[in-house]
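Report on the following structure.
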Amino acid sequence: ELMQSASRRRATASTAMNAVSSRSHAICTLNVTIAPLDDDEATENDAEEVRAKLTLVDLAGSERIKRTGAEGARMKEGININKGLFVLGQVVSALSELGQQQSSSMSNAHIPYRDSKLTRLLQDSLGGNSRTVMVACVSPADSNVEESINTL
């Protein structure tokens, strides 16, 4: 119910590429706590509380202003969407480089989380002791090959 309610409030608008283009990113964070069993049923392995954080993210697609025909407020939304996606790409690249470097000189490398609201919100989900899975929507159409390649 919460997801449906939030989805109804999500901004959408028509562009030349998509009749119901999402004009925002959507982030849903679930904090899960598994409490230990009662003393009577607990074993040594059950003694600690387990906590997990699951973040579900639906990113608005990147936009080519010329192809979408966006103007005014729609164009400004597209620019902001693209900025967040660009910074997300920079963060993922910096984390990849950091993971590949074994030297201590890279341990102080700058990860630009604060360069966008999107990456700041996703900071816990991108680095450290987290697992990330990405699903990308791409098009097999020749007319969309550039957008599909950029997405991948």
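So you can find residues: chains in the structure tokens are A, B, ... in the order shown, residues in each start at 1, and ligands are numbered from 1 in order.
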**OP:** Write out as JSON, numbers by chain each polymer residue whose atoms come within 9 Å of Val138 (chain A), counting only C-alpha atoms; drop sequence neighbours fewer than 6 positions from it.
**Re:** {"A": [144, 145, 147, 148, 149, 151, 152]}
Selected residues written out, N, CA and C atoms, as a PDB file, in the first residue's frame:
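Printed below is part.pdb as written:
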```pdb
ATOM      1  N   ASN A 144      16.979   3.468 -30.595  1.00  0.00           N
ATOM      2  CA  ASN A 144      17.323   3.695 -29.193  1.00  0.00           C
ATOM      3  C   ASN A 144      18.683   3.118 -28.806  1.00  0.00           C
ATOM      4  N   VAL A 145      19.491   2.743 -29.788  1.00  0.00           N
ATOM      5  CA  VAL A 145      20.756   2.073 -29.476  1.00  0.00           C
ATOM      6  C   VAL A 145      21.677   2.959 -28.626  1.00  0.00           C
ATOM      7  N   GLU A 147      20.901   5.330 -26.412  1.00  0.00           N
ATOM      8  CA  GLU A 147      20.423   5.371 -25.022  1.00  0.00           C
ATOM      9  C   GLU A 147      20.670   4.045 -24.322  1.00  0.00           C
ATOM     10  N   SER A 148      20.480   2.937 -25.041  1.00  0.00           N
ATOM     11  CA  SER A 148      20.701   1.618 -24.436  1.00  0.00           C
ATOM     12  C   SER A 148      22.164   1.415 -24.077  1.00  0.00           C
ATOM     13  N   ILE A 149      23.061   1.828 -24.952  1.00  0.00           N
ATOM     14  CA  ILE A 149      24.497   1.701 -24.675  1.00  0.00           C
ATOM     15  C   ILE A 149      24.878   2.571 -23.481  1.00  0.00           C
ATOM     16  N   THR A 151      22.978   3.494 -21.033  1.00  0.00           N
ATOM     17  CA  THR A 151      22.418   2.888 -19.833  1.00  0.00           C
ATOM     18  C   THR A 151      23.321   1.774 -19.338  1.00  0.00           C
ATOM     19  N   LEU A 152      23.761   0.909 -20.260  1.00  0.00           N
ATOM     20  CA  LEU A 152      24.634  -0.199 -19.874  1.00  0.00           C
ATOM     21  C   LEU A 152      25.993   0.295 -19.435  1.00  0.00           C
TER      22      LEU A 152
END
```
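Comparing A:Val91, A:Ala141, A:Leu118, A:Val50 by their smallest distance to Leu37 (chain A), the closest is A:Val50 (using only C-alpha atoms).
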Original post:
Between A:Thr33, A:Ser96, A:Asn80, A:Gly61, which one has atoms that come closest to Glu49 (chain A), using only C-alpha atoms?
Top reply: A:Thr33
